[in-house]
Amino acid sequence: MRNVKILKYISLAIALIGFSLGANARPTIEAKLDSASILMGSMTNLKITVDQEENFRGYLPLMRSAIENGYVGVCGDSVELRAPSVIDTVRKDNRLRITFDIPVQSFDSGYYNIPGIEFISGVDTFRSNRVALRVLPVNNVTAETPIEEYANIAKPEGGNIFDSLPDWLYNYWWLLLIIVAALGVVFWLWRRYKSNGGILPKKPEPTPYESAISGLKELQSRKLWENGMEKEYYTELTDILRTYLYRRFGINAVEMTSRQILAALSKNNDTKERRGMIRQILDMADFVKFAKVRPLPPDNVKAMENAIQFVEETKPVAVVPEDDKKGGEK
């Protein structure tokens with residue numbers, strides 16, 4: 001029995017020695033900030049110290065990402081850890097102490113709890129302690145006033161004229177272009193309204209010939225004299241002809257008597273040979289208006305025929321250029 005107890009004590013001692021040696025073989029990792037409080041945009045150093053056996057192999061995966069990309073974001077990307085600026089290794093008693101100096105920077109003010117940094121060895125993962133960082137905001141200053149301990153804003157290399165434009169103008173130039181175009185359209189519509197009296201183009205006015213022929217045909221279709229309205233018939237007929245003479249030849253027939261109209265027609269080469277047609281119409285109109293005479297149906301028909309013939313024979317004729325005439329002869 002005594003021998004059995006001795007064996008138990010020996011086994012327990014061996015286990016304690018093995019555990020102590022295993023614990024001593026495990027690497028330890030510690031994180032510490034040079035300064036726990038910095039100004040927004042400035043930097044401090046995060047020191048990561050790894051104590052391990054000399055033949056121990058491990059790495060910091062976070063730092064591998066920082067080396068590849070230039071930095072790695074933590075705390076929701078509010079804090080940036082740069083690639084290590086200094087890596088120091090010290091050997092002592094078959095152990096290594098590796099110190100990483102990692103620049104830390106943040107552009108968002110506030111309090112941040114930087115998570116533990118992982119150290120991986122084989123299938124085991126070890127994690128450092130968490131550290132707290134306070135980022136203080138920078139007081140508002142004008143662009144011309146430099147901030148203490150900060151470098152002035154540097155001009156970009158190979159800059160162009162667009163670098164001096166305000167951000168809102170650079171980002172929303174298309175909106176400004178639409179506004180300018182809209183103002184241009186409004187100004188053009190306003191000028192058009194002032195000059196033409198409306199935005200939409202006006203319909204072209206009918207020519208004197210078109211107005212006269214249209215009026216005569218409309219009057220003919222109303223059958224006034226057939227219904228005993230001879231006075232109204234001749235009044236409208238002479239009004240149509242007076243307006244035609246004014247617009248076509250500049251004869252102010254609206255203000256003239258029948259005799260004055262005939263005298264004016266005799267002075268015009270286009271109308272003097274046709275004034276007999278107008279004479280018949282004016283004579284019949286005077287008989288109806290002043291003598292209260294009721295013309296015979298043939299006289300009423302003849303007055304309309306003379307009016308239509310006079311307008312047809314005195315309408316403007318398109319002038320054919322000499323070149324077109326020669327081309328047609330060929």
# chains A, B, ... in the order shown; residues from 1 in each chain; ligands from 1
call {"tool": "residues_around", "arguments": {"residues": "range 248-257 of chain A", "least_positions_apart": "4", "cutoff": "12 Å", "atoms": "only C-alpha atoms", "output": "PyMOL selection string"}}
result
chain A and resi 207-212+235+238-244+261-271+278-279+282-283+285-286+310-311+314-316
call {"tool": "residues_around", "arguments": {"residues": "range 57-63 of chain A", "least_positions_apart": "3", "cutoff": "6 Å", "atoms": "only C-alpha atoms", "output": "list of chain:residue names"}}
result
A:Ala66, A:Phe119, A:Ile120, A:Ser121
call {"tool": "write_last_selection", "arguments": {"atoms": "C-alpha atoms", "output": "PDB file, in the first residue's frame"}}
result
ATOM      1  CA  ALA A  66      -2.894  45.377 -43.401  1.00  0.00           C
ATOM      2  CA  PHE A 119      -2.286  35.256 -32.990  1.00  0.00           C
ATOM      3  CA  ILE A 120      -2.574  31.907 -34.789  1.00  0.00           C
ATOM      4  CA  SER A 121      -0.237  28.982 -34.302  1.00  0.00           C
TER       5      SER A 121
END
call {"tool": "residues_around", "arguments": {"residues": "range 24-36 of chain A", "least_positions_apart": "2", "cutoff": "7 Å", "atoms": "only C-alpha atoms", "output": "short mmCIF file (atom, residue, chain, number, x, y, z; two decimals) with all heavy atoms, in the first residue's frame"}}
result
data_model
loop_
_atom_site.label_atom_id
_atom_site.label_comp_id
_atom_site.auth_asym_id
_atom_site.auth_seq_id
_atom_site.Cartn_x
_atom_site.Cartn_y
_atom_site.Cartn_z
N SER A 20 3.13 22.59 -16.08
CA SER A 20 3.87 23.85 -15.94
C SER A 20 4.69 24.12 -17.19
O SER A 20 4.76 25.23 -17.68
CB SER A 20 4.79 23.77 -14.71
OG SER A 20 5.59 24.94 -14.63
N LEU A 21 5.34 23.04 -17.70
CA LEU A 21 6.12 23.23 -18.92
C LEU A 21 5.24 23.57 -20.12
O LEU A 21 5.59 24.40 -20.96
CB LEU A 21 6.92 21.94 -19.21
CG LEU A 21 8.03 21.63 -18.22
CD1 LEU A 21 8.65 20.26 -18.53
CD2 LEU A 21 9.10 22.73 -18.24
N GLY A 22 4.02 22.95 -20.21
CA GLY A 22 3.10 23.24 -21.32
C GLY A 22 2.59 24.66 -21.26
O GLY A 22 2.47 25.35 -22.27
N ILE A 38 -6.41 60.66 -28.76
CA ILE A 38 -5.79 61.36 -29.89
C ILE A 38 -6.81 62.30 -30.52
O ILE A 38 -8.03 62.17 -30.33
CB ILE A 38 -5.28 60.36 -30.95
CG1 ILE A 38 -6.45 59.55 -31.51
CG2 ILE A 38 -4.18 59.48 -30.41
CD1 ILE A 38 -6.05 58.67 -32.69
N THR A 44 -1.51 57.37 -33.36
CA THR A 44 -0.80 56.83 -32.21
C THR A 44 -0.36 55.42 -32.57
O THR A 44 -0.70 54.91 -33.65
CB THR A 44 -1.68 56.83 -30.95
OG1 THR A 44 -0.88 56.45 -29.83
CG2 THR A 44 -2.85 55.86 -31.09
N ASN A 45 0.42 54.79 -31.71
CA ASN A 45 0.91 53.44 -31.99
C ASN A 45 0.24 52.42 -31.09
O ASN A 45 0.08 52.65 -29.88
CB ASN A 45 2.43 53.34 -31.79
CG ASN A 45 3.18 53.91 -32.98
OD1 ASN A 45 2.71 53.84 -34.11
ND2 ASN A 45 4.36 54.46 -32.72
N LEU A 46 -0.13 51.30 -31.67
CA LEU A 46 -0.62 50.15 -30.93
C LEU A 46 0.51 49.13 -30.88
O LEU A 46 0.95 48.63 -31.91
CB LEU A 46 -1.85 49.55 -31.62
CG LEU A 46 -2.38 48.24 -31.03
CD1 LEU A 46 -2.90 48.46 -29.61
CD2 LEU A 46 -3.48 47.67 -31.92
N LYS A 47 1.01 48.85 -29.66
CA LYS A 47 2.12 47.90 -29.50
C LYS A 47 1.54 46.51 -29.21
O LYS A 47 0.80 46.33 -28.25
CB LYS A 47 3.05 48.33 -28.38
CG LYS A 47 3.87 49.58 -28.68
CD LYS A 47 4.87 49.87 -27.57
CE LYS A 47 5.70 51.09 -27.89
NZ LYS A 47 6.57 50.89 -29.07
N ILE A 48 1.87 45.57 -30.06
CA ILE A 48 1.49 44.17 -29.85
C ILE A 48 2.76 43.39 -29.49
O ILE A 48 3.71 43.34 -30.28
CB ILE A 48 0.85 43.58 -31.11
CG1 ILE A 48 -0.35 44.42 -31.56
CG2 ILE A 48 0.45 42.13 -30.88
CD1 ILE A 48 -1.49 44.44 -30.58
N THR A 49 2.77 42.83 -28.29
CA THR A 49 3.95 42.07 -27.81
C THR A 49 3.59 40.60 -27.72
O THR A 49 2.62 40.22 -27.03
CB THR A 49 4.42 42.59 -26.44
OG1 THR A 49 4.71 43.99 -26.54
CG2 THR A 49 5.66 41.85 -26.00
N VAL A 50 4.37 39.77 -28.42
CA VAL A 50 4.15 38.32 -28.43
C VAL A 50 5.36 37.65 -27.77
O VAL A 50 6.50 37.82 -28.22
CB VAL A 50 3.96 37.79 -29.86
CG1 VAL A 50 3.79 36.26 -29.83
CG2 VAL A 50 2.78 38.46 -30.54
N ASP A 51 5.10 36.91 -26.66
CA ASP A 51 6.15 36.12 -25.98
C ASP A 51 5.94 34.66 -26.35
O ASP A 51 4.83 34.11 -26.13
CB ASP A 51 6.06 36.29 -24.47
CG ASP A 51 6.71 37.58 -24.00
OD1 ASP A 51 7.71 37.99 -24.63
OD2 ASP A 51 6.19 38.21 -23.05
N GLN A 52 6.96 34.03 -26.88
CA GLN A 52 6.83 32.64 -27.32
C GLN A 52 8.19 31.95 -27.26
O GLN A 52 9.22 32.59 -27.11
CB GLN A 52 6.30 32.59 -28.75
CG GLN A 52 7.26 33.25 -29.74
CD GLN A 52 6.76 33.18 -31.18
OE1 GLN A 52 5.57 33.22 -31.39
NE2 GLN A 52 7.68 33.06 -32.12
N GLU A 53 8.14 30.61 -27.35
CA GLU A 53 9.38 29.86 -27.44
C GLU A 53 10.07 30.14 -28.76
O GLU A 53 9.43 30.51 -29.75
CB GLU A 53 9.10 28.36 -27.29
CG GLU A 53 8.70 27.95 -25.89
CD GLU A 53 8.61 26.44 -25.76
OE1 GLU A 53 8.70 25.76 -26.80
OE2 GLU A 53 8.44 25.96 -24.62
N ARG A 127 -5.52 35.32 -28.36
CA ARG A 127 -6.04 36.67 -28.54
C ARG A 127 -5.50 37.60 -27.46
O ARG A 127 -5.42 37.22 -26.29
CB ARG A 127 -7.56 36.67 -28.51
CG ARG A 127 -8.22 37.97 -28.95
CD ARG A 127 -9.73 37.88 -28.80
NE ARG A 127 -10.28 36.78 -29.58
CZ ARG A 127 -10.65 36.90 -30.85
NH1 ARG A 127 -10.52 38.07 -31.47
NH2 ARG A 127 -11.15 35.87 -31.50
N SER A 128 -5.15 38.81 -27.87
CA SER A 128 -4.65 39.80 -26.91
C SER A 128 -5.82 40.44 -26.16
O SER A 128 -6.99 40.18 -26.45
CB SER A 128 -3.86 40.88 -27.65
OG SER A 128 -4.75 41.72 -28.38
N ASN A 129 -5.46 41.26 -25.22
CA ASN A 129 -6.47 42.02 -24.49
C ASN A 129 -7.03 43.14 -25.39
O ASN A 129 -6.44 43.52 -26.40
CB ASN A 129 -5.85 42.64 -23.23
CG ASN A 129 -4.64 43.49 -23.57
OD1 ASN A 129 -3.64 42.97 -24.07
ND2 ASN A 129 -4.71 44.80 -23.30
N VAL A 131 -8.19 47.13 -26.03
CA VAL A 131 -7.72 48.44 -25.58
C VAL A 131 -8.74 49.50 -25.99
O VAL A 131 -9.42 49.37 -27.01
CB VAL A 131 -6.33 48.77 -26.19
CG1 VAL A 131 -5.27 47.87 -25.61
CG2 VAL A 131 -6.35 48.67 -27.70
N ALA A 132 -8.85 50.54 -25.16
CA ALA A 132 -9.81 51.62 -25.40
C ALA A 132 -9.10 52.81 -26.02
O ALA A 132 -7.99 53.17 -25.63
CB ALA A 132 -10.50 52.02 -24.10
N LEU A 133 -9.76 53.45 -27.01
CA LEU A 133 -9.21 54.62 -27.69
C LEU A 133 -10.26 55.71 -27.72
O LEU A 133 -11.42 55.48 -28.07
CB LEU A 133 -8.80 54.26 -29.12
CG LEU A 133 -8.32 55.42 -30.00
CD1 LEU A 133 -7.00 55.97 -29.45
CD2 LEU A 133 -8.17 54.98 -31.46
N ARG A 134 -9.84 56.92 -27.35
CA ARG A 134 -10.72 58.09 -27.39
C ARG A 134 -10.23 59.02 -28.51
O ARG A 134 -9.05 59.40 -28.53
CB ARG A 134 -10.70 58.82 -26.06
CG ARG A 134 -11.60 60.05 -26.01
CD ARG A 134 -11.40 60.80 -24.71
NE ARG A 134 -12.27 61.96 -24.62
CZ ARG A 134 -12.17 62.91 -23.70
NH1 ARG A 134 -11.20 62.83 -22.78
NH2 ARG A 134 -12.99 63.93 -23.68
#
call {"tool": "atom_distance", "arguments": {"atom1": "CA of Tyr172 in chain A", "atom2": "CA of Arg191 in chain A"}}
result
29.1 Å
